[in-house]
$ cat input-v2.cif   # mmCIF, C-alpha atoms
data_upload
#
loop_
_atom_site.label_atom_id
_atom_site.label_comp_id
_atom_site.auth_asym_id
_atom_site.auth_seq_id
_atom_site.Cartn_x
_atom_site.Cartn_y
_atom_site.Cartn_z
CA MET A 618 0.00 0.00 0.00
CA SER A 619 1.53 3.31 -1.08
CA ASN A 620 1.71 6.25 1.25
CA THR A 621 0.26 9.50 -0.04
CA LEU A 622 0.52 13.15 0.86
CA PRO A 623 -2.54 14.02 2.96
CA PRO A 624 -4.27 17.20 1.82
CA LEU A 625 -3.89 20.26 4.01
CA PRO A 626 -7.12 20.77 6.00
CA TYR A 627 -7.10 24.50 5.12
CA ALA A 628 -5.79 26.84 2.43
CA TYR A 629 -2.06 27.50 2.15
CA ASN A 630 -2.56 31.07 3.36
CA ALA A 631 -5.00 30.17 6.14
CA LEU A 632 -2.47 30.28 8.97
CA GLU A 633 -1.36 33.83 8.20
CA PRO A 634 -0.06 35.99 9.67
CA TYR A 635 1.50 33.42 11.99
CA ILE A 636 2.84 31.01 9.35
CA ASN A 637 2.93 32.44 5.86
CA GLU A 638 1.65 30.96 2.62
CA GLN A 639 5.12 30.56 1.11
CA ILE A 640 6.26 28.39 4.00
CA MET A 641 3.08 26.30 4.08
CA THR A 642 3.25 25.69 0.32
CA LEU A 643 6.90 24.62 0.32
CA HIS A 644 6.54 22.68 3.55
CA HIS A 645 3.57 20.63 2.32
CA THR A 646 4.15 20.26 -1.44
CA LYS A 647 7.94 19.87 -1.30
CA HIS A 648 9.23 18.75 2.09
CA HIS A 649 6.39 16.44 3.15
CA GLN A 650 5.95 15.13 -0.41
CA THR A 651 9.66 14.22 -0.46
CA TYR A 652 9.28 12.18 2.73
CA VAL A 653 6.27 10.37 1.22
CA ASN A 654 8.13 9.55 -2.00
CA ALA A 655 11.22 8.36 -0.20
CA LEU A 656 9.18 6.32 2.29
CA ASN A 657 7.47 4.51 -0.57
CA ALA A 658 10.84 3.77 -2.15
CA ALA A 659 12.28 2.52 1.15
CA GLU A 660 9.24 0.31 1.83
CA ALA A 661 9.45 -1.14 -1.68
CA ALA A 662 13.12 -1.93 -1.16
CA TYR A 663 12.39 -3.41 2.28
CA ALA A 664 9.76 -5.72 0.83
CA LYS A 665 12.32 -7.00 -1.66
CA ALA A 666 15.09 -7.45 0.92
CA SER A 667 15.81 -11.08 1.75
CA THR A 668 18.35 -10.85 4.59
CA PRO A 669 18.33 -9.21 8.01
CA LYS A 670 21.45 -7.28 6.99
CA GLU A 671 19.66 -5.74 4.00
CA ARG A 672 16.64 -4.92 6.14
CA ILE A 673 18.82 -3.32 8.83
CA ALA A 674 20.57 -1.26 6.17
CA LEU A 675 17.17 0.14 5.18
CA GLN A 676 16.12 1.06 8.71
CA ALA A 677 17.57 4.57 8.60
CA ALA A 678 15.64 5.46 5.44
CA LEU A 679 12.43 4.03 6.91
CA LYS A 680 12.88 5.89 10.18
CA PHE A 681 13.77 9.20 8.57
CA ASN A 682 11.14 9.22 5.86
CA GLY A 683 8.51 7.31 7.82
CA GLY A 684 9.07 9.65 10.74
CA GLY A 685 8.88 12.66 8.42
CA HIS A 686 5.57 11.41 7.03
CA ILE A 687 4.11 10.64 10.47
CA ASN A 688 5.27 13.89 12.04
CA HIS A 689 4.09 16.17 9.26
CA SER A 690 0.74 14.38 8.96
CA LEU A 691 0.16 15.01 12.68
CA PHE A 692 1.41 18.59 12.31
CA TRP A 693 -1.01 19.75 9.59
CA LYS A 694 -3.91 18.46 11.69
CA ASN A 695 -2.79 20.08 14.92
CA LEU A 696 -2.73 23.49 13.24
CA ALA A 697 -5.84 25.53 12.40
CA PRO A 698 -6.64 29.03 11.14
CA SER A 699 -6.48 31.39 14.07
CA ALA A 700 -9.27 32.88 16.08
CA ALA A 701 -7.04 35.90 16.72
CA ALA A 702 -7.15 36.68 12.99
CA ASN A 703 -10.87 35.82 12.86
CA LYS A 704 -10.21 32.86 10.59
CA GLY A 705 -11.15 29.89 12.76
CA THR A 706 -10.70 28.37 16.18
CA GLY A 707 -6.92 28.02 16.19
CA GLY A 708 -5.26 29.11 19.41
CA VAL A 709 -8.38 28.84 21.56
CA LEU A 710 -8.34 26.32 24.43
CA LYS A 711 -11.86 25.77 25.73
CA ASP A 712 -12.79 24.25 29.09
CA GLY A 713 -12.57 20.48 28.95
CA PRO A 714 -10.29 17.50 29.57
CA LEU A 715 -7.31 19.04 27.77
CA LYS A 716 -7.47 22.31 29.68
CA SER A 717 -7.83 20.40 32.95
CA ALA A 718 -4.92 18.12 32.14
CA ILE A 719 -2.70 21.11 31.26
CA GLU A 720 -3.62 22.98 34.42
CA GLN A 721 -3.03 19.85 36.49
CA VAL A 722 0.63 19.72 35.40
CA TRP A 723 1.61 23.33 34.61
CA GLY A 724 -1.00 25.42 36.40
CA SER A 725 -1.89 27.36 33.26
CA LEU A 726 -1.68 27.30 29.48
CA ASP A 727 0.83 30.15 29.59
CA ALA A 728 3.10 28.13 31.84
CA LEU A 729 2.91 25.19 29.42
CA LYS A 730 3.75 27.44 26.45
CA LYS A 731 6.77 28.85 28.28
CA GLU A 732 8.18 25.44 29.17
CA PHE A 733 7.33 23.95 25.76
CA ASN A 734 9.06 26.79 23.93
CA THR A 735 12.15 26.59 26.14
CA ALA A 736 12.44 22.83 25.59
CA THR A 737 11.94 23.16 21.84
CA LEU A 738 14.46 26.01 21.58
CA GLY A 739 16.98 23.78 23.34
CA ILE A 740 17.06 21.25 20.50
CA GLN A 741 20.61 21.19 19.12
CA GLY A 742 19.95 20.65 15.43
CA SER A 743 16.70 19.76 13.69
CA GLY A 744 13.75 18.18 15.46
CA TRP A 745 10.30 18.48 16.96
CA GLY A 746 8.81 19.76 20.20
CA TRP A 747 5.93 17.70 21.59
CA LEU A 748 3.18 17.81 24.15
CA GLY A 749 2.60 14.12 24.79
CA TYR A 750 0.44 11.92 26.95
CA ASN A 751 2.11 9.39 29.20
CA THR A 752 -0.17 6.36 29.30
CA GLN A 753 1.59 5.01 32.41
CA THR A 754 1.34 8.08 34.63
CA LYS A 755 -1.77 9.36 32.84
CA ARG A 756 -0.23 12.82 32.70
CA LEU A 757 0.81 15.23 29.97
CA GLU A 758 4.55 15.80 29.44
CA ILE A 759 6.78 17.89 27.20
CA ALA A 760 9.25 15.98 25.04
CA THR A 761 11.48 16.54 22.01
CA THR A 762 12.62 14.27 19.22
CA PRO A 763 15.68 14.85 17.00
CA ASN A 764 15.58 15.02 13.20
CA GLN A 765 12.44 13.14 12.03
CA ASP A 766 12.30 10.63 14.85
CA PRO A 767 8.63 10.03 15.65
CA LEU A 768 7.42 10.39 19.22
CA LEU A 769 7.23 6.86 20.61
CA SER A 770 7.47 7.21 24.39
CA LEU A 771 4.28 9.30 24.66
CA VAL A 772 1.06 9.68 22.68
CA PRO A 773 1.48 12.81 20.51
CA ILE A 774 -0.99 15.51 21.50
CA ILE A 775 0.63 18.60 19.90
CA GLY A 776 3.74 18.63 17.72
CA VAL A 777 5.74 21.66 16.55
CA ASP A 778 8.31 21.42 13.76
CA ILE A 779 11.51 23.29 14.63
CA TRP A 780 13.44 22.35 11.47
CA GLU A 781 14.59 25.63 9.95
CA HIS A 782 12.44 25.05 6.84
CA ALA A 783 9.38 25.36 9.11
CA PHE A 784 10.02 29.03 9.90
CA TYR A 785 13.15 30.52 8.37
CA LEU A 786 11.61 32.32 5.38
CA GLN A 787 9.40 34.31 7.75
CA TYR A 788 11.21 34.41 11.09
CA LEU A 789 14.85 34.07 9.94
CA ASN A 790 17.05 33.05 12.87
CA VAL A 791 14.55 34.29 15.49
CA LYS A 792 13.12 30.96 16.64
CA PRO A 793 11.43 32.41 19.76
CA ASP A 794 9.21 34.63 17.58
CA TYR A 795 8.07 31.59 15.57
CA LEU A 796 7.38 29.60 18.72
CA ASN A 797 5.38 32.44 20.25
CA ALA A 798 3.41 32.94 17.05
CA ILE A 799 2.52 29.31 16.40
CA TRP A 800 0.40 29.05 19.55
CA ASN A 801 -2.14 31.26 17.73
CA VAL A 802 -2.72 28.48 15.23
CA ILE A 803 -2.54 25.41 17.46
CA ASN A 804 -5.65 23.29 16.96
CA PHE A 805 -6.60 22.58 20.57
CA GLU A 806 -9.77 20.78 19.45
CA GLU A 807 -7.67 18.21 17.59
CA ALA A 808 -5.28 18.01 20.54
CA GLU A 809 -8.18 17.32 22.89
CA ALA A 810 -9.55 14.62 20.58
CA ARG A 811 -6.13 12.92 20.69
CA LEU A 812 -6.01 13.15 24.48
CA VAL A 813 -9.52 11.77 24.91
CA GLU A 814 -8.68 8.87 22.61
CA ALA A 815 -5.37 8.17 24.35
CA SER A 816 -6.83 8.27 27.83
CA GLY A 817 -9.62 5.94 26.80
CA ASN A 818 -12.21 8.54 27.66
CA SER A 819 -11.51 7.88 31.34
CA LYS A 820 -11.35 10.73 33.80
CA LEU A 821 -7.77 12.10 33.96
CA MET B 1362 35.50 60.31 44.31
CA LEU B 1363 36.52 57.11 42.55
CA SER B 1364 40.12 56.62 41.57
CA PHE B 1365 40.99 56.38 37.91
CA ALA B 1366 41.60 52.64 38.30
CA ALA B 1367 38.32 52.04 40.10
CA ARG B 1368 36.34 54.02 37.53
CA ASN B 1369 37.94 52.04 34.70
CA ALA B 1370 37.30 48.78 36.50
CA LEU B 1371 33.58 49.55 36.48
CA LYS B 1372 33.42 50.01 32.70
CA PRO B 1373 31.83 46.92 31.11
CA ASN B 1374 34.53 46.32 28.54
CA VAL B 1375 37.25 46.64 31.16
CA CYS B 1376 35.39 44.22 33.41
CA ARG B 1377 35.18 41.75 30.52
CA ALA B 1378 38.87 42.22 29.79
CA PHE B 1379 39.75 41.46 33.42
CA ALA B 1380 37.48 38.43 33.40
CA ALA B 1381 38.94 37.26 30.12
CA SER B 1382 42.50 37.72 31.30
CA ALA B 1383 41.66 35.93 34.54
CA ARG B 1384 40.39 33.02 32.46
CA GLN B 1385 43.52 33.21 30.30
CA VAL B 1386 45.60 32.82 33.44
CA ARG B 1387 43.71 29.57 33.99
CA GLY B 1388 44.33 28.61 30.32
CA ILE B 1389 40.85 29.42 28.99
CA GLN B 1390 40.50 31.98 26.21
CA THR B 1391 37.29 33.77 25.33
CA ALA B 1392 36.06 32.90 21.86
CA SER B 1393 35.23 35.73 19.51
CA LEU B 1394 33.57 35.99 16.13
CA PRO B 1395 36.27 36.03 13.44
CA PRO B 1396 35.72 38.69 10.78
CA LEU B 1397 34.58 37.53 7.36
CA PRO B 1398 37.57 37.59 4.96
CA TYR B 1399 35.39 39.32 2.28
CA ALA B 1400 32.30 41.51 2.02
CA TYR B 1401 28.90 40.00 2.83
CA ASP B 1402 27.82 40.16 -0.83
CA ALA B 1403 31.16 38.97 -2.22
CA LEU B 1404 30.01 35.40 -2.79
CA GLU B 1405 27.06 36.41 -4.97
CA PRO B 1406 25.36 35.12 -6.97
CA HIS B 1407 26.26 31.75 -5.45
CA ILE B 1408 25.51 32.62 -1.82
CA SER B 1409 23.45 35.74 -1.24
CA GLY B 1410 24.57 38.67 0.91
CA GLU B 1411 21.41 38.25 2.99
CA ILE B 1412 22.38 34.70 3.93
CA MET B 1413 26.03 35.55 4.60
CA LYS B 1414 25.06 38.42 6.90
CA LEU B 1415 22.58 36.40 8.98
CA HIS B 1416 24.84 33.36 8.98
CA HIS B 1417 27.88 35.28 10.27
CA GLN B 1418 26.34 37.96 12.49
CA LYS B 1419 23.51 35.90 14.00
CA HIS B 1420 24.14 32.16 13.77
CA HIS B 1421 27.92 32.10 14.26
CA GLN B 1422 27.79 34.87 16.86
CA THR B 1423 25.24 32.83 18.82
CA TYR B 1424 27.58 29.84 18.87
CA VAL B 1425 30.41 32.09 20.10
CA ASN B 1426 28.23 33.47 22.88
CA GLY B 1427 26.97 30.00 23.81
CA LEU B 1428 30.51 28.61 23.87
CA ASN B 1429 31.79 31.37 26.14
CA ALA B 1430 28.90 30.86 28.54
CA ALA B 1431 29.40 27.08 28.61
CA GLU B 1432 33.16 27.33 29.14
CA GLU B 1433 32.65 29.93 31.87
CA ALA B 1434 30.26 27.59 33.66
CA TYR B 1435 32.67 24.66 33.15
CA SER B 1436 35.59 26.58 34.63
CA LYS B 1437 33.54 27.35 37.73
CA THR B 1438 32.74 23.74 38.68
CA THR B 1439 34.90 20.93 40.04
CA SER B 1440 32.07 18.39 40.03
CA VAL B 1441 32.59 15.85 37.26
CA LYS B 1442 28.81 15.37 37.12
CA GLU B 1443 28.29 19.07 36.38
CA GLN B 1444 31.12 18.99 33.85
CA ILE B 1445 29.47 16.09 32.06
CA ALA B 1446 26.19 17.97 32.09
CA LEU B 1447 27.94 20.84 30.29
CA GLN B 1448 29.50 18.65 27.58
CA ALA B 1449 26.56 18.97 25.20
CA ALA B 1450 26.65 22.76 25.29
CA ILE B 1451 30.41 22.80 24.73
CA LYS B 1452 30.20 20.31 21.86
CA PHE B 1453 27.30 22.07 20.16
CA ASN B 1454 28.53 25.64 20.53
CA GLY B 1455 32.23 24.80 20.31
CA GLY B 1456 31.58 22.72 17.23
CA GLY B 1457 29.48 25.52 15.76
CA HIS B 1458 32.34 27.97 16.33
CA ILE B 1459 35.00 25.63 14.93
CA ASN B 1460 32.95 24.62 11.89
CA HIS B 1461 31.88 28.13 10.89
CA SER B 1462 35.38 29.55 11.43
CA LEU B 1463 36.72 26.93 8.99
CA PHE B 1464 33.80 27.57 6.61
CA TRP B 1465 34.32 31.33 6.13
CA LYS B 1466 37.98 30.68 5.29
CA ASN B 1467 37.29 27.88 2.82
CA LEU B 1468 35.02 30.16 0.80
CA ALA B 1469 36.31 32.90 -1.49
CA PRO B 1470 34.81 35.34 -4.01
CA ALA B 1471 34.91 34.16 -7.61
CA ASN B 1472 37.11 37.16 -8.47
CA GLU B 1473 39.61 36.14 -5.80
CA ASP B 1474 40.09 32.67 -7.26
CA GLY B 1475 37.06 31.13 -5.57
CA GLY B 1476 36.21 27.94 -7.41
CA LYS B 1477 39.60 27.68 -9.12
CA LEU B 1478 41.73 24.60 -8.53
CA VAL B 1479 45.21 24.98 -9.97
CA ASP B 1480 47.73 22.19 -10.51
CA GLY B 1481 49.39 21.21 -7.26
CA PRO B 1482 49.25 18.77 -4.36
CA LEU B 1483 45.51 19.20 -3.82
CA LYS B 1484 44.56 18.61 -7.44
CA GLN B 1485 46.86 15.62 -7.56
CA ALA B 1486 45.41 14.14 -4.37
CA ILE B 1487 41.84 14.65 -5.63
CA GLU B 1488 42.59 12.98 -8.95
CA ARG B 1489 44.38 10.14 -7.17
CA ASP B 1490 41.57 9.47 -4.70
CA PHE B 1491 38.46 10.36 -6.75
CA GLY B 1492 39.59 10.19 -10.38
CA SER B 1493 38.67 13.80 -11.13
CA VAL B 1494 37.43 17.00 -9.51
CA GLU B 1495 34.01 16.38 -11.09
CA ALA B 1496 33.85 12.95 -9.51
CA LEU B 1497 34.71 14.44 -6.12
CA LYS B 1498 31.99 17.08 -6.44
CA LYS B 1499 29.43 14.43 -7.41
CA GLN B 1500 30.24 12.18 -4.46
CA PHE B 1501 30.55 15.07 -2.04
CA ASN B 1502 27.20 16.53 -3.06
CA ALA B 1503 25.34 13.21 -2.97
CA THR B 1504 26.75 12.36 0.45
CA THR B 1505 26.08 15.80 1.89
CA ALA B 1506 22.53 16.00 0.50
CA ALA B 1507 21.80 12.64 2.13
CA ILE B 1508 22.43 13.88 5.69
CA GLN B 1509 19.22 13.17 7.62
CA GLY B 1510 18.84 16.38 9.57
CA SER B 1511 21.34 19.19 10.06
CA GLY B 1512 25.07 18.78 9.55
CA TRP B 1513 28.18 19.32 7.49
CA GLY B 1514 29.77 17.72 4.46
CA TRP B 1515 33.54 17.46 4.54
CA LEU B 1516 36.47 16.68 2.34
CA GLY B 1517 38.86 15.34 4.94
CA PHE B 1518 42.41 14.06 5.00
CA ASN B 1519 42.75 10.64 6.61
CA THR B 1520 46.12 10.71 8.37
CA GLY B 1521 46.04 6.92 8.71
CA ASN B 1522 45.91 5.95 5.04
CA LYS B 1523 46.97 9.42 3.77
CA LYS B 1524 43.94 9.67 1.50
CA LEU B 1525 41.30 12.32 0.93
CA GLU B 1526 37.83 11.08 1.85
CA VAL B 1527 34.30 12.49 1.85
CA VAL B 1528 32.75 12.34 5.32
CA THR B 1529 29.87 14.00 7.14
CA THR B 1530 29.17 15.17 10.67
CA SER B 1531 25.75 15.72 12.21
CA ASN B 1532 24.45 18.89 13.84
CA GLN B 1533 27.52 20.92 14.88
CA ASP B 1534 29.80 17.98 15.59
CA PRO B 1535 33.33 19.01 14.55
CA LEU B 1536 35.29 16.76 12.19
CA ILE B 1537 37.62 14.77 14.39
CA SER B 1538 38.33 11.58 12.46
CA HIS B 1539 40.01 13.48 9.60
CA VAL B 1540 41.82 16.78 9.08
CA PRO B 1541 39.23 19.19 7.62
CA ILE B 1542 40.20 20.29 4.11
CA ILE B 1543 36.85 21.66 2.85
CA GLY B 1544 33.64 21.97 4.86
CA VAL B 1545 30.14 22.76 3.56
CA ASP B 1546 27.29 23.74 5.88
CA ILE B 1547 24.06 21.93 5.01
CA TRP B 1548 21.97 23.31 7.86
CA GLU B 1549 18.92 24.89 6.21
CA HIS B 1550 19.95 28.36 7.43
CA ALA B 1551 22.98 28.09 5.13
CA PHE B 1552 20.90 28.10 1.95
CA TYR B 1553 17.12 28.19 2.45
CA LEU B 1554 16.48 31.90 1.84
CA GLN B 1555 18.02 31.55 -1.61
CA TYR B 1556 17.62 27.91 -2.65
CA LYS B 1557 14.54 26.90 -0.59
CA ASN B 1558 14.22 23.11 -0.45
CA VAL B 1559 16.44 22.58 -3.52
CA LYS B 1560 19.63 21.47 -1.75
CA PRO B 1561 21.28 20.17 -4.95
CA ASP B 1562 21.22 23.68 -6.47
CA TYR B 1563 23.02 25.08 -3.41
CA LEU B 1564 25.56 22.28 -3.45
CA ASN B 1565 26.26 22.79 -7.15
CA ALA B 1566 26.56 26.55 -6.72
CA ILE B 1567 28.90 26.54 -3.73
CA TRP B 1568 31.73 24.92 -5.68
CA ASN B 1569 32.06 28.27 -7.49
CA VAL B 1570 33.18 29.89 -4.25
CA ILE B 1571 35.24 27.14 -2.66
CA ASN B 1572 38.66 28.48 -1.68
CA PHE B 1573 40.89 25.75 -3.09
CA LYS B 1574 44.02 27.72 -2.13
CA GLU B 1575 43.04 27.54 1.54
CA ALA B 1576 42.12 23.88 1.10
CA GLU B 1577 45.53 23.14 -0.39
CA LYS B 1578 47.25 24.91 2.51
CA ARG B 1579 45.37 22.69 4.94
CA LEU B 1580 46.34 19.57 2.99
CA VAL B 1581 50.00 20.51 2.80
CA GLU B 1582 50.04 21.23 6.53
CA ALA B 1583 48.28 17.95 7.34
CA SER B 1584 50.62 15.94 5.11
CA LYS B 1585 53.75 17.06 6.94
#
$ encode --input "input-v2.cif" --output "structure tokens"
Amino acid sequence: MSNTLPPLPYAYNALEPYINEQIMTLHHTKHHQTYVNALNAAEAAYAKASTPKERIALQAALKFNGGGHINHSLFWKNLAPSAAANKGTGGVLKDGPLKSAIEQVWGSLDALKKEFNTATLGIQGSGWGWLGYNTQTKRLEIATTPNQDPLLSLVPIIGVDIWEHAFYLQYLNVKPDYLNAIWNVINFEEAEARLVEASGNSKL
Amino acid sequence: MLSFAARNALKPNVCRAFAASARQVRGIQTASLPPLPYAYDALEPHISGEIMKLHHQKHHQTYVNGLNAAEEAYSKTTSVKEQIALQAAIKFNGGGHINHSLFWKNLAPANEDGGKLVDGPLKQAIERDFGSVEALKKQFNATTAAIQGSGWGWLGFNTGNKKLEVVTTSNQDPLISHVPIIGVDIWEHAFYLQYKNVKPDYLNAIWNVINFKEAEKRLVEASK
């Protein structure tokens, strides 16, 4: 079964002014598409491999491109046109299980944002910042993954791409400005749906 | 009324000089941003002035600042646990400073012989180990483009077998296994504003501004 590029749930300019149309277009039609193409090629090669050595040699390509496909697919869905720009519900966290879970750990959404941004800024290279759900402790946690490694230790609730291609054309080297801006287009409804699913609908 | 000495001691740059010289006494020197050997727009059209300015004044400067802060913290602790905790910051920022310092010097404007490889030990070594300069560029570019994340492509001299080899390092890891002859930054900040996602175009273009004279100097020094 071939992987395909999922369509963006909104127009390329819909996240403006927080993430511009040029970035969204390149990010989706070039970067994510490249991961999809390369994943398909790696999976085809893997299916043809007949020895463990050949399969192991293909692991890096599967992890990088599979991770790129997983991460970006989650990313498009956890973004939404912003309420602040009167374009949608992005950036608005309503009362509910997600808000409660955030307040339980960080006290407030602002405190979460601060810690999330600090952790994501601390990545030394390319990678992703994550809000994830720990199914053992039943609590939300902040985590990071390098390069295109998918988040495995937690259930992804919100992911933010901190590869330079995700922001450089608009924010240049000023990563903090990008990380502050992106909270205006975080799709908290999608994040809550992921949390409810991960926690099995049980009270947190 | 403050004495002349006391008033000077309160000036920020004098304070820094005292602190720096105190660290020098302990064998630690403050890193500083090396000047670019050419104007910011001198590598056009191959690397834009906009990129060179941000890359040098923002990215490299940040590594210098981060390195100084990490080394300052390191010099203040005797706990091996705290020293280990600081290793990542020293490697990342120290590597960033080392790599970019090498990078500015192994680039040169086209009108100052950037991109020109004359007959000599470097050309001979390239032809011996790769067959031709074109073959080197092809292998170098393919290997560098294949880095999965941020990193650097290198032409390095292997002091063991005395050959030139193409190697890569990830993130800001410095090249340790080989003597660096030519380094190319493949972090997205190095090319994205001009080349967007089309890494191969950047990698093809940069060969026009590679400072082969500097590269040859490094090879001759390493071969001694």
$ atom_distance --input "input-v2.cif" --atom1 "atom CA of Gly707 of chain A" --atom2 "atom CA of Glu720 of chain A"
19.2 Å
$ interface_residues --input "input-v2.cif" --of "chain A" --to "chain B" --cutoff "9 Å" --atoms "all atoms listed in the file" --output "PyMOL selection string"
chain A and resi 643-644+647-648+677-678+681+741-744+763-765+780-782+785-786+789-790
$ resolve_selection --input "input-v2.cif" --expression "the PyMOL selection byres ((chain B and resi 1426) around 10)" --output "mmCIF file with C-alpha atoms, keeping the file's coordinate frame"
data_model
loop_
_atom_site.group_PDB
_atom_site.id
_atom_site.type_symbol
_atom_site.label_atom_id
_atom_site.label_comp_id
_atom_site.auth_asym_id
_atom_site.auth_seq_id
_atom_site.Cartn_x
_atom_site.Cartn_y
_atom_site.Cartn_z
ATOM 1 C CA THR B 1391 37.290 33.770 25.330
ATOM 2 C CA ALA B 1392 36.060 32.900 21.860
ATOM 3 C CA SER B 1393 35.230 35.730 19.510
ATOM 4 C CA LEU B 1394 33.570 35.990 16.130
ATOM 5 C CA HIS B 1421 27.920 32.100 14.260
ATOM 6 C CA GLN B 1422 27.790 34.870 16.860
ATOM 7 C CA THR B 1423 25.240 32.830 18.820
ATOM 8 C CA TYR B 1424 27.580 29.840 18.870
ATOM 9 C CA VAL B 1425 30.410 32.090 20.100
ATOM 10 C CA GLY B 1427 26.970 30.000 23.810
ATOM 11 C CA LEU B 1428 30.510 28.610 23.870
ATOM 12 C CA ASN B 1429 31.790 31.370 26.140
ATOM 13 C CA ALA B 1430 28.900 30.860 28.540
ATOM 14 C CA ALA B 1431 29.400 27.080 28.610
ATOM 15 C CA ASN B 1454 28.530 25.640 20.530
ATOM 16 C CA GLY B 1455 32.230 24.800 20.310
ATOM 17 C CA HIS B 1458 32.340 27.970 16.330
#
$ resolve_selection --input "input-v2.cif" --expression "the PyMOL selection byres ((chain B and resi 1471-1478) around 10)" --output "mmCIF file with C-alpha atoms, in the frame of the given file"
data_model
loop_
_atom_site.group_PDB
_atom_site.id
_atom_site.type_symbol
_atom_site.label_atom_id
_atom_site.label_comp_id
_atom_site.auth_asym_id
_atom_site.auth_seq_id
_atom_site.Cartn_x
_atom_site.Cartn_y
_atom_site.Cartn_z
ATOM 1 C CA TYR B 1399 35.390 39.320 2.280
ATOM 2 C CA ALA B 1403 31.160 38.970 -2.220
ATOM 3 C CA LEU B 1404 30.010 35.400 -2.790
ATOM 4 C CA GLU B 1405 27.060 36.410 -4.970
ATOM 5 C CA PRO B 1406 25.360 35.120 -6.970
ATOM 6 C CA HIS B 1407 26.260 31.750 -5.450
ATOM 7 C CA ASN B 1467 37.290 27.880 2.820
ATOM 8 C CA LEU B 1468 35.020 30.160 0.800
ATOM 9 C CA ALA B 1469 36.310 32.900 -1.490
ATOM 10 C CA PRO B 1470 34.810 35.340 -4.010
ATOM 11 C CA VAL B 1479 45.210 24.980 -9.970
ATOM 12 C CA ASP B 1480 47.730 22.190 -10.510
ATOM 13 C CA GLY B 1481 49.390 21.210 -7.260
ATOM 14 C CA LEU B 1483 45.510 19.200 -3.820
ATOM 15 C CA LYS B 1484 44.560 18.610 -7.440
ATOM 16 C CA VAL B 1494 37.430 17.000 -9.510
ATOM 17 C CA ALA B 1566 26.560 26.550 -6.720
ATOM 18 C CA ILE B 1567 28.900 26.540 -3.730
ATOM 19 C CA TRP B 1568 31.730 24.920 -5.680
ATOM 20 C CA ASN B 1569 32.060 28.270 -7.490
ATOM 21 C CA VAL B 1570 33.180 29.890 -4.250
ATOM 22 C CA ILE B 1571 35.240 27.140 -2.660
ATOM 23 C CA ASN B 1572 38.660 28.480 -1.680
ATOM 24 C CA PHE B 1573 40.890 25.750 -3.090
ATOM 25 C CA LYS B 1574 44.020 27.720 -2.130
ATOM 26 C CA GLU B 1575 43.040 27.540 1.540
ATOM 27 C CA ALA B 1576 42.120 23.880 1.100
ATOM 28 C CA GLU B 1577 45.530 23.140 -0.390
#
$ atom_distance --input "input-v2.cif" --atom1 "atom CA of Gly1492 of chain B" --atom2 "atom CA of Lys1466 of chain B"
25.8 Å
$ closest_residue --input "input-v2.cif" --among "A:Tyr629, A:Phe733, A:Trp747, A:Tyr788" --to "Asn695 of chain A" --atoms "all atoms listed in the file"
A:Trp747
$ resolve_selection --input "input-v2.cif" --expression "the PyMOL selection byres ((chain A and resi 796) around 12)" --output "JSON, numbers by chain"
{"A": [635, 636, 730, 731, 732, 733, 734, 735, 736, 737, 738, 745, 746, 776, 777, 778, 779, 780, 783, 784, 785, 788, 790, 791, 792, 793, 794, 795, 797, 798, 799, 800, 801, 802, 803]}
$ residues_around --input "input-v2.cif" --residues "Leu1497 of chain B" --least-positions-apart "5" --cutoff "10 Å" --atoms "only C-alpha atoms" --output "compact mmCIF listing (two decimals) with C-alpha atoms, in the frame of the given file"
# COMPACT_ATOMS: atom_id res chain seq x y z
CA ILE B 1487 41.84 14.65 -5.63
CA GLU B 1488 42.59 12.98 -8.95
CA ASP B 1490 41.57 9.47 -4.70
CA PHE B 1491 38.46 10.36 -6.75
CA GLY B 1492 39.59 10.19 -10.38
CA ASN B 1502 27.20 16.53 -3.06
CA ALA B 1503 25.34 13.21 -2.97
CA LEU B 1516 36.47 16.68 2.34
CA LEU B 1525 41.30 12.32 0.93
CA GLU B 1526 37.83 11.08 1.85
CA VAL B 1527 34.30 12.49 1.85
$ atom_distance --input "input-v2.cif" --atom1 "atom CA of Ile775 of chain A" --atom2 "atom CA of Ala808 of chain A"
6.0 Å
$ closest_residue --input "input-v2.cif" --among "B:Gly1457, B:Pro1398, B:Gly1517, B:Gly1410" --to "Ile1542 of chain B" --atoms "only C-alpha atoms"
B:Gly1517
$ residues_around --input "input-v2.cif" --residues "Val772 of chain A" --least-positions-apart "3" --cutoff "8 Å" --atoms "only C-alpha atoms" --output "PDB file with C-alpha atoms, in the frame of the given file"
ATOM      1  CA  GLY A 749       2.600  14.120  24.790  1.00  0.00           C
ATOM      2  CA  TYR A 750       0.440  11.920  26.950  1.00  0.00           C
ATOM      3  CA  ASN A 751       2.110   9.390  29.200  1.00  0.00           C
ATOM      4  CA  THR A 752      -0.170   6.360  29.300  1.00  0.00           C
ATOM      5  CA  LEU A 768       7.420  10.390  19.220  1.00  0.00           C
ATOM      6  CA  LEU A 769       7.230   6.860  20.610  1.00  0.00           C
ATOM      7  CA  ALA A 815      -5.370   8.170  24.350  1.00  0.00           C
TER       8      ALA A 815
END
$ closest_residue --input "input-v2.cif" --among "B:Ala1486, B:Ala1496, B:Met1413, B:Ala1507" --to "Ala655 of chain A" --atoms "all atoms listed in the file"
B:Ala1507
$ residues_around --input "input-v2.cif" --residues "Leu1447 of chain B" --least-positions-apart "5" --cutoff "10 Å" --atoms "all atoms listed in the file" --output "list in words"
Ala1431, Glu1432, Ala1434, Tyr1435, Val1441, Lys1442 and Lys1452 of chain B
